[in-house]
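Undergrad: My structure is in data.pdb, and what it holds is PDB, C-alpha atoms:
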ATOM      1  CA  MET A   7      31.975 -40.892  -9.866  1.00  0.00           C
ATOM      2  CA  ALA A   8      28.759 -39.942 -11.596  1.00  0.00           C
ATOM      3  CA  SER A   9      25.662 -41.989 -10.991  1.00  0.00           C
ATOM      4  CA  SER A  10      22.260 -42.043 -12.618  1.00  0.00           C
ATOM      5  CA  THR A  11      20.655 -43.126  -9.324  1.00  0.00           C
ATOM      6  CA  ILE A  12      18.400 -40.412  -7.913  1.00  0.00           C
ATOM      7  CA  LEU A  13      18.330 -40.371  -4.124  1.00  0.00           C
ATOM      8  CA  GLU A  14      15.515 -38.609  -2.295  1.00  0.00           C
ATOM      9  CA  LEU A  15      14.743 -38.239   1.381  1.00  0.00           C
ATOM     10  CA  TRP A  16      11.150 -39.219   2.176  1.00  0.00           C
ATOM     11  CA  SER A  17       9.076 -38.807   5.306  1.00  0.00           C
ATOM     12  CA  THR A  18       9.206 -42.601   5.598  1.00  0.00           C
ATOM     13  CA  SER A  19      12.989 -42.884   5.188  1.00  0.00           C
ATOM     14  CA  ASP A  20      14.652 -44.792   8.037  1.00  0.00           C
ATOM     15  CA  GLN A  21      18.029 -44.022   9.607  1.00  0.00           C
ATOM     16  CA  ALA A  22      19.911 -46.325   7.228  1.00  0.00           C
ATOM     17  CA  GLU A  23      18.436 -44.463   4.251  1.00  0.00           C
ATOM     18  CA  ILE A  24      19.274 -41.113   5.833  1.00  0.00           C
ATOM     19  CA  GLN A  25      22.895 -42.209   6.242  1.00  0.00           C
ATOM     20  CA  MET A  26      22.921 -43.165   2.568  1.00  0.00           C
ATOM     21  CA  ILE A  27      21.674 -39.663   1.732  1.00  0.00           C
ATOM     22  CA  ILE A  28      24.403 -38.112   3.893  1.00  0.00           C
ATOM     23  CA  ARG A  29      27.149 -40.142   2.204  1.00  0.00           C
ATOM     24  CA  ALA A  30      25.762 -39.273  -1.233  1.00  0.00           C
ATOM     25  CA  VAL A  31      25.751 -35.531  -0.446  1.00  0.00           C
ATOM     26  CA  TYR A  32      29.356 -35.649   0.755  1.00  0.00           C
ATOM     27  CA  LYS A  33      30.402 -37.552  -2.368  1.00  0.00           C
ATOM     28  CA  GLN A  34      28.593 -35.225  -4.790  1.00  0.00           C
ATOM     29  CA  VAL A  35      29.241 -31.846  -3.200  1.00  0.00           C
ATOM     30  CA  LEU A  36      32.799 -32.481  -2.036  1.00  0.00           C
ATOM     31  CA  GLY A  37      33.922 -34.098  -5.293  1.00  0.00           C
ATOM     32  CA  ASN A  38      34.383 -37.761  -4.346  1.00  0.00           C
ATOM     33  CA  PRO A  39      36.816 -37.304  -1.439  1.00  0.00           C
ATOM     34  CA  HIS A  40      37.645 -39.423   1.566  1.00  0.00           C
ATOM     35  CA  VAL A  41      35.956 -37.635   4.467  1.00  0.00           C
ATOM     36  CA  MET A  42      37.564 -38.259   7.840  1.00  0.00           C
ATOM     37  CA  GLU A  43      35.389 -38.496  10.934  1.00  0.00           C
ATOM     38  CA  SER A  44      36.805 -35.200  12.198  1.00  0.00           C
ATOM     39  CA  GLU A  45      35.758 -33.489   8.960  1.00  0.00           C
ATOM     40  CA  ARG A  46      32.124 -34.569   9.058  1.00  0.00           C
ATOM     41  CA  LEU A  47      29.487 -31.942   9.824  1.00  0.00           C
ATOM     42  CA  VAL A  48      28.064 -33.590  12.934  1.00  0.00           C
ATOM     43  CA  THR A  49      25.569 -30.851  13.777  1.00  0.00           C
ATOM     44  CA  ALA A  50      24.179 -30.614  10.238  1.00  0.00           C
ATOM     45  CA  GLU A  51      23.973 -34.411   9.992  1.00  0.00           C
ATOM     46  CA  SER A  52      22.023 -34.519  13.265  1.00  0.00           C
ATOM     47  CA  GLN A  53      19.647 -31.824  12.019  1.00  0.00           C
ATOM     48  CA  LEU A  54      19.004 -33.804   8.844  1.00  0.00           C
ATOM     49  CA  CYS A  55      18.402 -36.985  10.830  1.00  0.00           C
ATOM     50  CA  ASP A  56      15.738 -35.303  12.975  1.00  0.00           C
ATOM     51  CA  ARG A  57      14.297 -33.514   9.902  1.00  0.00           C
ATOM     52  CA  SER A  58      14.916 -30.008  11.218  1.00  0.00           C
ATOM     53  CA  ILE A  59      16.668 -29.227   7.906  1.00  0.00           C
ATOM     54  CA  THR A  60      16.094 -30.486   4.364  1.00  0.00           C
ATOM     55  CA  VAL A  61      18.593 -32.122   2.038  1.00  0.00           C
ATOM     56  CA  ARG A  62      18.970 -28.778   0.259  1.00  0.00           C
ATOM     57  CA  GLU A  63      20.029 -27.087   3.500  1.00  0.00           C
ATOM     58  CA  PHE A  64      22.421 -29.940   4.235  1.00  0.00           C
ATOM     59  CA  VAL A  65      23.928 -29.428   0.760  1.00  0.00           C
ATOM     60  CA  ARG A  66      24.333 -25.730   1.620  1.00  0.00           C
ATOM     61  CA  ALA A  67      26.088 -26.576   4.884  1.00  0.00           C
ATOM     62  CA  VAL A  68      28.510 -28.929   3.111  1.00  0.00           C
ATOM     63  CA  ALA A  69      29.243 -26.411   0.345  1.00  0.00           C
ATOM     64  CA  LYS A  70      29.991 -23.719   2.943  1.00  0.00           C
ATOM     65  CA  SER A  71      32.125 -26.016   5.061  1.00  0.00           C
ATOM     66  CA  GLU A  72      35.814 -25.458   5.715  1.00  0.00           C
ATOM     67  CA  PHE A  73      36.456 -28.691   3.771  1.00  0.00           C
ATOM     68  CA  TYR A  74      34.919 -27.276   0.585  1.00  0.00           C
ATOM     69  CA  ARG A  75      36.283 -23.776   1.015  1.00  0.00           C
ATOM     70  CA  THR A  76      39.859 -24.969   1.556  1.00  0.00           C
ATOM     71  CA  ARG A  77      39.937 -27.422  -1.346  1.00  0.00           C
ATOM     72  CA  TYR A  78      38.069 -25.459  -3.980  1.00  0.00           C
ATOM     73  CA  PHE A  79      37.918 -21.748  -3.139  1.00  0.00           C
ATOM     74  CA  GLU A  80      41.343 -21.250  -1.591  1.00  0.00           C
ATOM     75  CA  SER A  81      43.332 -23.808  -3.595  1.00  0.00           C
ATOM     76  CA  CYS A  82      41.877 -23.694  -7.112  1.00  0.00           C
ATOM     77  CA  ALA A  83      41.999 -21.121  -9.891  1.00  0.00           C
ATOM     78  CA  PRO A  84      38.860 -18.915  -9.907  1.00  0.00           C
ATOM     79  CA  TYR A  85      37.524 -20.449 -13.130  1.00  0.00           C
ATOM     80  CA  ARG A  86      38.043 -23.939 -11.715  1.00  0.00           C
ATOM     81  CA  PHE A  87      36.196 -22.974  -8.514  1.00  0.00           C
ATOM     82  CA  VAL A  88      33.184 -21.765 -10.488  1.00  0.00           C
ATOM     83  CA  GLU A  89      33.070 -24.692 -12.920  1.00  0.00           C
ATOM     84  CA  LEU A  90      33.164 -27.097  -9.976  1.00  0.00           C
ATOM     85  CA  ASN A  91      30.392 -25.186  -8.220  1.00  0.00           C
ATOM     86  CA  PHE A  92      28.246 -25.822 -11.307  1.00  0.00           C
ATOM     87  CA  LEU A  93      29.247 -29.481 -11.286  1.00  0.00           C
ATOM     88  CA  HIS A  94      28.800 -30.110  -7.566  1.00  0.00           C
ATOM     89  CA  LEU A  95      25.690 -28.019  -6.910  1.00  0.00           C
ATOM     90  CA  LEU A  96      23.744 -27.965 -10.187  1.00  0.00           C
ATOM     91  CA  GLY A  97      25.031 -31.220 -11.658  1.00  0.00           C
ATOM     92  CA  ARG A  98      26.149 -29.733 -14.970  1.00  0.00           C
ATOM     93  CA  ALA A  99      28.933 -27.803 -16.636  1.00  0.00           C
ATOM     94  CA  PRO A 100      28.680 -24.032 -17.244  1.00  0.00           C
ATOM     95  CA  GLN A 101      27.191 -23.322 -20.653  1.00  0.00           C
ATOM     96  CA  ASP A 102      28.844 -20.068 -21.690  1.00  0.00           C
ATOM     97  CA  GLN A 103      31.143 -17.213 -20.776  1.00  0.00           C
ATOM     98  CA  ARG A 104      28.227 -15.170 -19.443  1.00  0.00           C
ATOM     99  CA  GLU A 105      27.511 -17.766 -16.773  1.00  0.00           C
ATOM    100  CA  LEU A 106      31.143 -18.026 -15.753  1.00  0.00           C
ATOM    101  CA  SER A 107      31.666 -14.263 -15.675  1.00  0.00           C
ATOM    102  CA  GLU A 108      28.496 -13.692 -13.663  1.00  0.00           C
ATOM    103  CA  HIS A 109      29.689 -16.016 -10.918  1.00  0.00           C
ATOM    104  CA  ILE A 110      33.275 -14.745 -10.937  1.00  0.00           C
ATOM    105  CA  VAL A 111      31.981 -11.182 -10.469  1.00  0.00           C
ATOM    106  CA  ARG A 112      29.572 -12.248  -7.723  1.00  0.00           C
ATOM    107  CA  CYS A 113      32.279 -14.078  -5.841  1.00  0.00           C
ATOM    108  CA  VAL A 114      34.580 -11.062  -5.935  1.00  0.00           C
ATOM    109  CA  ALA A 115      31.894  -8.468  -5.181  1.00  0.00           C
ATOM    110  CA  GLU A 116      29.660 -10.324  -2.718  1.00  0.00           C
ATOM    111  CA  GLY A 117      31.850 -13.032  -1.245  1.00  0.00           C
ATOM    112  CA  TYR A 118      32.073 -16.785  -0.914  1.00  0.00           C
ATOM    113  CA  ASP A 119      28.767 -17.419   0.859  1.00  0.00           C
ATOM    114  CA  SER A 120      26.802 -15.407  -1.694  1.00  0.00           C
ATOM    115  CA  GLU A 121      28.405 -17.361  -4.536  1.00  0.00           C
ATOM    116  CA  ILE A 122      27.389 -20.690  -2.963  1.00  0.00           C
ATOM    117  CA  ASP A 123      23.858 -19.451  -2.200  1.00  0.00           C
ATOM    118  CA  SER A 124      23.370 -18.334  -5.804  1.00  0.00           C
ATOM    119  CA  TYR A 125      23.339 -21.949  -6.986  1.00  0.00           C
ATOM    120  CA  ILE A 126      21.337 -23.477  -4.146  1.00  0.00           C
ATOM    121  CA  ASP A 127      18.718 -20.698  -4.111  1.00  0.00           C
ATOM    122  CA  SER A 128      18.312 -20.693  -7.890  1.00  0.00           C
ATOM    123  CA  SER A 129      15.128 -21.689  -9.668  1.00  0.00           C
ATOM    124  CA  GLU A 130      17.207 -24.243 -11.589  1.00  0.00           C
ATOM    125  CA  TYR A 131      18.244 -26.027  -8.402  1.00  0.00           C
ATOM    126  CA  GLN A 132      14.671 -26.018  -7.131  1.00  0.00           C
ATOM    127  CA  ALA A 133      13.305 -27.402 -10.401  1.00  0.00           C
ATOM    128  CA  ALA A 134      15.955 -30.107 -10.654  1.00  0.00           C
ATOM    129  CA  PHE A 135      16.288 -31.241  -7.039  1.00  0.00           C
ATOM    130  CA  GLY A 136      13.655 -29.536  -4.906  1.00  0.00           C
ATOM    131  CA  GLU A 137      14.131 -29.740  -1.156  1.00  0.00           C
ATOM    132  CA  ASN A 138      15.056 -33.377  -0.669  1.00  0.00           C
ATOM    133  CA  ILE A 139      16.797 -34.828  -3.748  1.00  0.00           C
ATOM    134  CA  VAL A 140      20.570 -35.198  -3.579  1.00  0.00           C
ATOM    135  CA  PRO A 141      22.146 -33.260  -6.486  1.00  0.00           C
ATOM    136  CA  TYR A 142      23.404 -35.549  -9.231  1.00  0.00           C
ATOM    137  CA  TYR A 143      25.154 -35.155 -12.560  1.00  0.00           C
ATOM    138  CA  ARG A 144      22.563 -34.109 -15.120  1.00  0.00           C
ATOM    139  CA  GLY A 145      24.895 -33.086 -17.947  1.00  0.00           C
ATOM    140  CA  LYS A 146      24.889 -36.484 -19.647  1.00  0.00           C
ATOM    141  CA  ASN A 147      21.114 -36.729 -19.707  1.00  0.00           C
ATOM    142  CA  SER A 148      18.751 -35.416 -22.358  1.00  0.00           C
ATOM    143  CA  GLU A 149      16.802 -32.464 -20.961  1.00  0.00           C
ATOM    144  CA  ALA A 150      14.847 -29.577 -22.416  1.00  0.00           C
ATOM    145  CA  ASN A 151      16.741 -26.381 -23.330  1.00  0.00           C
ATOM    146  CA  PRO A 152      20.397 -27.125 -22.445  1.00  0.00           C
ATOM    147  CA  LYS A 153      23.038 -26.342 -25.061  1.00  0.00           C
ATOM    148  CA  GLN A 154      24.631 -29.288 -26.848  1.00  0.00           C
ATOM    149  CA  VAL A 155      28.147 -28.165 -25.901  1.00  0.00           C
ATOM    150  CA  GLY A 156      27.311 -28.968 -22.303  1.00  0.00           C
ATOM    151  CA  TYR A 157      27.450 -32.685 -23.071  1.00  0.00           C
ATOM    152  CA  ASN A 158      31.148 -32.737 -23.970  1.00  0.00           C
ATOM    153  CA  ARG A 159      31.979 -30.241 -21.251  1.00  0.00           C
ATOM    154  CA  MET A 160      30.449 -32.570 -18.711  1.00  0.00           C
ATOM    155  CA  PHE A 161      32.880 -35.295 -19.750  1.00  0.00           C
ATOM    156  CA  ALA A 162      35.763 -32.835 -19.427  1.00  0.00           C
ATOM    157  CA  LEU A 163      34.815 -32.299 -15.774  1.00  0.00           C
ATOM    158  CA  ASP A 164      33.667 -35.783 -14.806  1.00  0.00           C
ATOM    159  CA  ARG A 165      36.500 -38.260 -15.327  1.00  0.00           C
ATOM    160  CA  GLY A 166      34.923 -41.307 -13.730  1.00  0.00           C
ATOM    161  CA  PRO A 167      34.630 -43.105 -10.374  1.00  0.00           C
ATOM    162  CA  ALA A 168      38.321 -42.787  -9.466  1.00  0.00           C
ATOM    163  CA  GLN A 169      38.320 -39.010  -9.846  1.00  0.00           C
ATOM    164  CA  VAL A 170      38.821 -36.694  -6.884  1.00  0.00           C
ATOM    165  CA  ASP A 171      37.968 -33.182  -8.031  1.00  0.00           C
ATOM    166  CA  SER A 172      40.394 -31.410  -5.699  1.00  0.00           C
ATOM    167  CA  ALA A 173      43.319 -33.143  -7.450  1.00  0.00           C
ATOM    168  CA  VAL A 174      42.870 -30.815 -10.456  1.00  0.00           C
ATOM    169  CA  GLN A 175      43.239 -27.133  -9.607  1.00  0.00           C
ATOM    170  CA  ALA A 176      43.332 -25.611 -13.109  1.00  0.00           C
ATOM    171  CA  SER A 177      40.223 -24.910 -15.153  1.00  0.00           C
ATOM    172  CA  GLN A 178      39.238 -27.637 -17.607  1.00  0.00           C
ATOM    173  CA  LEU A 179      36.796 -25.490 -19.610  1.00  0.00           C
ATOM    174  CA  VAL A 180      38.353 -22.042 -19.917  1.00  0.00           C
ATOM    175  CA  TYR A 181      39.386 -22.540 -23.575  1.00  0.00           C
ATOM    176  CA  ALA A 182      36.076 -24.061 -24.713  1.00  0.00           C
ATOM    177  CA  VAL A 183      33.961 -21.476 -22.907  1.00  0.00           C
ATOM    178  CA  ALA A 184      36.052 -18.506 -24.062  1.00  0.00           C
ATOM    179  CA  THR A 185      35.793 -19.627 -27.702  1.00  0.00           C
ATOM    180  CA  ASN A 186      32.221 -20.989 -27.433  1.00  0.00           C
ATOM    181  CA  SER A 187      33.401 -24.344 -28.731  1.00  0.00           C
ATOM    182  CA  ALA A 188      32.935 -27.967 -27.732  1.00  0.00           C
ATOM    183  CA  ASN A 189      35.511 -29.863 -25.713  1.00  0.00           C
ATOM    184  CA  ALA A 190      37.210 -32.785 -27.365  1.00  0.00           C
ATOM    185  CA  ILE A 191      36.742 -35.886 -25.234  1.00  0.00           C
ATOM    186  CA  LYS A 192      40.244 -37.140 -24.516  1.00  0.00           C
ATOM    187  CA  PRO A 193      41.915 -39.379 -21.941  1.00  0.00           C
ATOM    188  CA  SER A 194      42.570 -37.471 -18.730  1.00  0.00           C
ATOM    189  CA  SER A 195      46.283 -38.332 -18.923  1.00  0.00           C
ATOM    190  CA  ALA A 196      46.761 -36.646 -22.326  1.00  0.00           C
ATOM    191  CA  ALA A 197      48.908 -33.892 -20.870  1.00  0.00           C
ATOM    192  CA  VAL A 198      50.716 -33.981 -17.567  1.00  0.00           C
ATOM    193  CA  ILE A 199      51.804 -30.640 -16.170  1.00  0.00           C
ATOM    194  CA  GLY A 200      55.550 -30.599 -15.665  1.00  0.00           C
ATOM    195  CA  SER A 201      56.161 -33.645 -17.862  1.00  0.00           C
ATOM    196  CA  GLY A 202      57.239 -31.670 -20.919  1.00  0.00           C
ATOM    197  CA  THR A 203      54.048 -32.671 -22.775  1.00  0.00           C
ATOM    198  CA  GLU A 204      51.784 -29.912 -21.484  1.00  0.00           C
ATOM    199  CA  LYS A 205      49.836 -28.337 -24.327  1.00  0.00           C
ATOM    200  CA  ARG A 206      50.322 -24.713 -25.342  1.00  0.00           C
ATOM    201  CA  PHE A 207      47.837 -22.283 -26.833  1.00  0.00           C
ATOM    202  CA  LYS A 208      48.072 -19.080 -28.840  1.00  0.00           C
ATOM    203  CA  ILE A 209      45.670 -16.350 -27.700  1.00  0.00           C
ATOM    204  CA  VAL A 210      45.060 -13.538 -30.170  1.00  0.00           C
ATOM    205  CA  VAL A 211      43.759 -10.337 -28.552  1.00  0.00           C
ATOM    206  CA  SER A 212      42.648  -7.022 -30.020  1.00  0.00           C
ATOM    207  CA  GLY A 213      41.923  -3.683 -28.401  1.00  0.00           C
ATOM    208  CA  SER A 214      43.727  -4.119 -25.076  1.00  0.00           C
ATOM    209  CA  LYS A 215      43.962  -0.906 -23.054  1.00  0.00           C
ATOM    210  CA  PHE A 216      46.910  -0.457 -20.734  1.00  0.00           C
ATOM    211  CA  ASP A 217      48.136   2.421 -18.601  1.00  0.00           C
ATOM    212  CA  SER A 218      48.720   4.854 -21.450  1.00  0.00           C
ATOM    213  CA  PRO A 219      46.624   5.647 -24.547  1.00  0.00           C
ATOM    214  CA  ARG A 220      47.639   3.779 -27.657  1.00  0.00           C
ATOM    215  CA  ARG A 221      46.307   2.675 -30.982  1.00  0.00           C
ATOM    216  CA  ILE A 222      44.216  -0.474 -31.120  1.00  0.00           C
ATOM    217  CA  SER A 223      46.484  -3.334 -32.034  1.00  0.00           C
ATOM    218  CA  VAL A 224      46.560  -7.101 -32.132  1.00  0.00           C
ATOM    219  CA  THR A 225      48.615  -8.964 -29.552  1.00  0.00           C
ATOM    220  CA  GLU A 226      49.486 -12.652 -29.434  1.00  0.00           C
ATOM    221  CA  TYR A 227      50.186 -14.639 -26.262  1.00  0.00           C
ATOM    222  CA  ILE A 228      51.657 -18.143 -26.142  1.00  0.00           C
ATOM    223  CA  VAL A 229      50.663 -19.810 -22.865  1.00  0.00           C
ATOM    224  CA  PRO A 230      50.712 -23.346 -21.442  1.00  0.00           C
ATOM    225  CA  ALA A 231      47.358 -24.940 -20.570  1.00  0.00           C
ATOM    226  CA  SER A 232      47.993 -24.551 -16.839  1.00  0.00           C
ATOM    227  CA  LYS A 233      48.367 -20.746 -17.237  1.00  0.00           C
ATOM    228  CA  MET A 234      45.266 -20.164 -19.387  1.00  0.00           C
ATOM    229  CA  THR A 235      43.016 -18.975 -16.560  1.00  0.00           C
ATOM    230  CA  PRO A 236      45.300 -16.233 -15.149  1.00  0.00           C
ATOM    231  CA  GLN A 237      46.230 -15.053 -18.671  1.00  0.00           C
ATOM    232  CA  ILE A 238      42.582 -14.693 -19.717  1.00  0.00           C
ATOM    233  CA  GLN A 239      41.866 -12.859 -16.464  1.00  0.00           C
ATOM    234  CA  ARG A 240      44.677 -10.401 -17.227  1.00  0.00           C
ATOM    235  CA  ILE A 241      43.298  -9.872 -20.727  1.00  0.00           C
ATOM    236  CA  ASN A 242      39.810  -9.220 -19.366  1.00  0.00           C
ATOM    237  CA  ARG A 243      41.186  -6.646 -16.929  1.00  0.00           C
ATOM    238  CA  THR A 244      42.734  -4.683 -19.821  1.00  0.00           C
ATOM    239  CA  SER A 245      39.427  -4.657 -21.751  1.00  0.00           C
ATOM    240  CA  GLY A 246      40.956  -6.748 -24.507  1.00  0.00           C
ATOM    241  CA  LYS A 247      38.807  -8.805 -26.835  1.00  0.00           C
ATOM    242  CA  ILE A 248      39.875 -12.402 -27.399  1.00  0.00           C
ATOM    243  CA  VAL A 249      39.813 -12.978 -31.155  1.00  0.00           C
ATOM    244  CA  SER A 250      40.888 -16.606 -31.111  1.00  0.00           C
ATOM    245  CA  ILE A 251      42.492 -19.336 -29.031  1.00  0.00           C
ATOM    246  CA  THR A 252      44.253 -22.081 -30.950  1.00  0.00           C
ATOM    247  CA  GLU A 253      46.222 -25.080 -29.801  1.00  0.00           C
ATOM    248  CA  ILE A 254      49.863 -25.121 -30.882  1.00  0.00           C
ATOM    249  CA  ALA A 255      50.811 -28.499 -32.295  1.00  0.00           C
TER     250      ALA A 255
END
Starting from the file, lay out its structure as structure tokens.

TA:
Amino acid sequence: MASSTILELWSTSDQAEIQMIIRAVYKQVLGNPHVMESERLVTAESQLCDRSITVREFVRAVAKSEFYRTRYFESCAPYRFVELNFLHLLGRAPQDQRELSEHIVRCVAEGYDSEIDSYIDSSEYQAAFGENIVPYYRGKNSEANPKQVGYNRMFALDRGPAQVDSAVQASQLVYAVATNSANAIKPSSAAVIGSGTEKRFKIVVSGSKFDSPRRISVTEYIVPASKMTPQIQRINRTSGKIVSITEIA
């Protein structure tokens, strides 16, 4: 799915080039889907064609569309929603737990539109894409300042031209981000949920606080990969500190 081709709308771009820009935005922002005619944003497309909006504003319209909201906000785990927002709108994977937590909190406190705007209105978006460059996957490129772990995490999110992002609803990075570790690059079919081969992890937690006062203790949770996101959310709500997450062979 990822491409190194940078597409930019110019004042001299003709209608054929504008249509190429429109298709590229749908592909990038919506996660490589098949977009039916009835799902296209006709008004926003028309505004882009007559230059009354920029590519950045067209990206915003697509990211706030019912198509995006239904497939990624309403259907995916919260961590998956945020990691795909990074992928689709900033062209990279989240770098650390702080970034993920910041966006989870914003989404809960300020709502869906504010969460989408936070990427598109960021200085990072402006520096990378400006007003008229279609967002593209930057995580595999060498750039100043990004953390090295982002390289492997990008491969965990981007599984190639045949990938449709909405087909995977569970977070792909929650373990690596929570433990500040790099993702191992593995075939996407390594574990199939429901097949009996789904991986399990042991989460060791200290200092959880529940409804009644108690001494600080260490608790262990054994969870399948598909349940990692909700389990970590429950731990965070009890003020527990994750000591370690290890894969169970």

Undergrad: Which polymer residues have any atom within 9 Å of an atom of region 14-22 of chain A, counting only C-alpha atoms, with same-chain residues fewer than 3 positions away left out, as a PyMOL selection string?

TA: chain A and resi 25-27+55+57+60-61+135+137-140

Undergrad: When the PyMOL selection byres ((chain A and resi 38-48) around 8) is applied to the file above, which residues end up in the set, as a VMD selection string?

TA: chain A and resid 7 32 to 37 49 to 52 68 73 169 to 171

Undergrad: Would you mind exporting the chosen residues as an mmCIF file, in the frame of the given file, restricted to C-alpha atoms?

TA:
data_model
loop_
_atom_site.group_PDB
_atom_site.id
_atom_site.type_symbol
_atom_site.label_atom_id
_atom_site.label_comp_id
_atom_site.auth_asym_id
_atom_site.auth_seq_id
_atom_site.Cartn_x
_atom_site.Cartn_y
_atom_site.Cartn_z
ATOM 1 C CA MET A 7 31.975 -40.892 -9.866
ATOM 2 C CA TYR A 32 29.356 -35.649 0.755
ATOM 3 C CA LYS A 33 30.402 -37.552 -2.368
ATOM 4 C CA GLN A 34 28.593 -35.225 -4.790
ATOM 5 C CA VAL A 35 29.241 -31.846 -3.200
ATOM 6 C CA LEU A 36 32.799 -32.481 -2.036
ATOM 7 C CA GLY A 37 33.922 -34.098 -5.293
ATOM 8 C CA THR A 49 25.569 -30.851 13.777
ATOM 9 C CA ALA A 50 24.179 -30.614 10.238
ATOM 10 C CA GLU A 51 23.973 -34.411 9.992
ATOM 11 C CA SER A 52 22.023 -34.519 13.265
ATOM 12 C CA VAL A 68 28.510 -28.929 3.111
ATOM 13 C CA PHE A 73 36.456 -28.691 3.771
ATOM 14 C CA GLN A 169 38.320 -39.010 -9.846
ATOM 15 C CA VAL A 170 38.821 -36.694 -6.884
ATOM 16 C CA ASP A 171 37.968 -33.182 -8.031
#

Undergrad: Between A:Tyr143, A:Lys70, A:Tyr125, A:Pro84, single out the one closest to Ser107 (chain A), counting all atoms listed in the file.

TA: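 Between A:Tyr143, A:Lys70, A:Tyr125, A:Pro84, the residue approaching Ser107 (chain A) most closely is A:Pro84.
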
Undergrad: Residues within 12 Å of Glu226 (chain A), please, as a PyMOL selection string. Count all atoms listed in the file; anything in the same chain fewer than 3 positions from it doesn't count.

TA: chain A and resi 207-214+223+229+237+241+246-252

Undergrad: Suppose you want the space between CA of Gln101 (chain A) and CA of Glu89 (chain A); what is it in Å?

TA: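 Value for the CA of Gln101 (chain A)-CA of Glu89 (chain A) distance: 9.8 Å.
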
Undergrad: Between A:His109, A:Ile126, A:Leu54, A:Tyr85, which residue has the minimum interatomic distance to Gln239 (chain A), considering only C-alpha atoms?

TA: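 When distances to Gln239 (chain A) are compared using only C-alpha atoms, the smallest one comes from A:Tyr85.
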
Undergrad: Using only C-alpha atoms, which protein or nucleic acid residues come within 9 Å of Phe79 (chain A)? Drop anything in the same chain fewer than 6 positions from it, and give the result as an mmCIF file with C-alpha atoms, in the frame of the given file.

TA:
data_model
loop_
_atom_site.group_PDB
_atom_site.id
_atom_site.type_symbol
_atom_site.label_atom_id
_atom_site.label_comp_id
_atom_site.auth_asym_id
_atom_site.auth_seq_id
_atom_site.Cartn_x
_atom_site.Cartn_y
_atom_site.Cartn_z
ATOM 1 C CA ARG A 86 38.043 -23.939 -11.715
ATOM 2 C CA PHE A 87 36.196 -22.974 -8.514
ATOM 3 C CA VAL A 88 33.184 -21.765 -10.488
ATOM 4 C CA TYR A 118 32.073 -16.785 -0.914
#

Undergrad: Quick check, in Å to one decimal: how far apart do CA of Glu63 (chain A) and CA of Arg98 (chain A) lie?

TA: 19.6 Å

Undergrad: Quick one: pull the distance between CA of Met234 (chain A) and CA of Arg206 (chain A), Å, one decimal.

TA: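 Those two atoms sit 9.0 Å apart.
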
Undergrad: Pick from A:Gln103, A:Ser232, A:Asp123, A:Ala115: nearest to Ala67 (chain A), with all atoms listed in the file counted?

TA: A:Asp123

Undergrad: Could I see region 56-64 of chain A restored to N, CA, C and O atoms, set down as a PDB file, in the coordinates of the input?

TA:
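The file below, result.pdb, is the result:
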ATOM      1  N   ASP A  56      16.996 -35.586  12.264  1.00  0.00           N
ATOM      2  CA  ASP A  56      15.738 -35.303  12.975  1.00  0.00           C
ATOM      3  C   ASP A  56      14.790 -34.417  12.163  1.00  0.00           C
ATOM      4  O   ASP A  56      13.796 -33.923  12.677  1.00  0.00           O
ATOM      5  N   ARG A  57      15.142 -34.220  10.876  1.00  0.00           N
ATOM      6  CA  ARG A  57      14.297 -33.514   9.902  1.00  0.00           C
ATOM      7  C   ARG A  57      14.108 -32.031  10.219  1.00  0.00           C
ATOM      8  O   ARG A  57      13.143 -31.414   9.756  1.00  0.00           O
ATOM      9  N   SER A  58      15.023 -31.450  10.974  1.00  0.00           N
ATOM     10  CA  SER A  58      14.916 -30.008  11.218  1.00  0.00           C
ATOM     11  C   SER A  58      15.487 -29.202  10.051  1.00  0.00           C
ATOM     12  O   SER A  58      15.275 -27.986   9.965  1.00  0.00           O
ATOM     13  N   ILE A  59      16.255 -29.850   9.162  1.00  0.00           N
ATOM     14  CA  ILE A  59      16.668 -29.227   7.906  1.00  0.00           C
ATOM     15  C   ILE A  59      16.388 -30.200   6.761  1.00  0.00           C
ATOM     16  O   ILE A  59      16.237 -31.409   6.980  1.00  0.00           O
ATOM     17  N   THR A  60      16.319 -29.666   5.557  1.00  0.00           N
ATOM     18  CA  THR A  60      16.094 -30.486   4.364  1.00  0.00           C
ATOM     19  C   THR A  60      17.433 -30.892   3.753  1.00  0.00           C
ATOM     20  O   THR A  60      18.496 -30.410   4.161  1.00  0.00           O
ATOM     21  N   VAL A  61      17.376 -31.738   2.753  1.00  0.00           N
ATOM     22  CA  VAL A  61      18.593 -32.122   2.038  1.00  0.00           C
ATOM     23  C   VAL A  61      19.234 -30.886   1.409  1.00  0.00           C
ATOM     24  O   VAL A  61      20.458 -30.737   1.416  1.00  0.00           O
ATOM     25  N   ARG A  62      18.409 -29.988   0.878  1.00  0.00           N
ATOM     26  CA  ARG A  62      18.970 -28.778   0.259  1.00  0.00           C
ATOM     27  C   ARG A  62      19.779 -27.969   1.271  1.00  0.00           C
ATOM     28  O   ARG A  62      20.864 -27.463   0.936  1.00  0.00           O
ATOM     29  N   GLU A  63      19.286 -27.837   2.494  1.00  0.00           N
ATOM     30  CA  GLU A  63      20.029 -27.087   3.500  1.00  0.00           C
ATOM     31  C   GLU A  63      21.277 -27.840   3.956  1.00  0.00           C
ATOM     32  O   GLU A  63      22.278 -27.225   4.319  1.00  0.00           O
ATOM     33  N   PHE A  64      21.219 -29.169   3.920  1.00  0.00           N
ATOM     34  CA  PHE A  64      22.421 -29.940   4.235  1.00  0.00           C
ATOM     35  C   PHE A  64      23.466 -29.747   3.134  1.00  0.00           C
ATOM     36  O   PHE A  64      24.663 -29.606   3.418  1.00  0.00           O
TER      37      PHE A  64
END
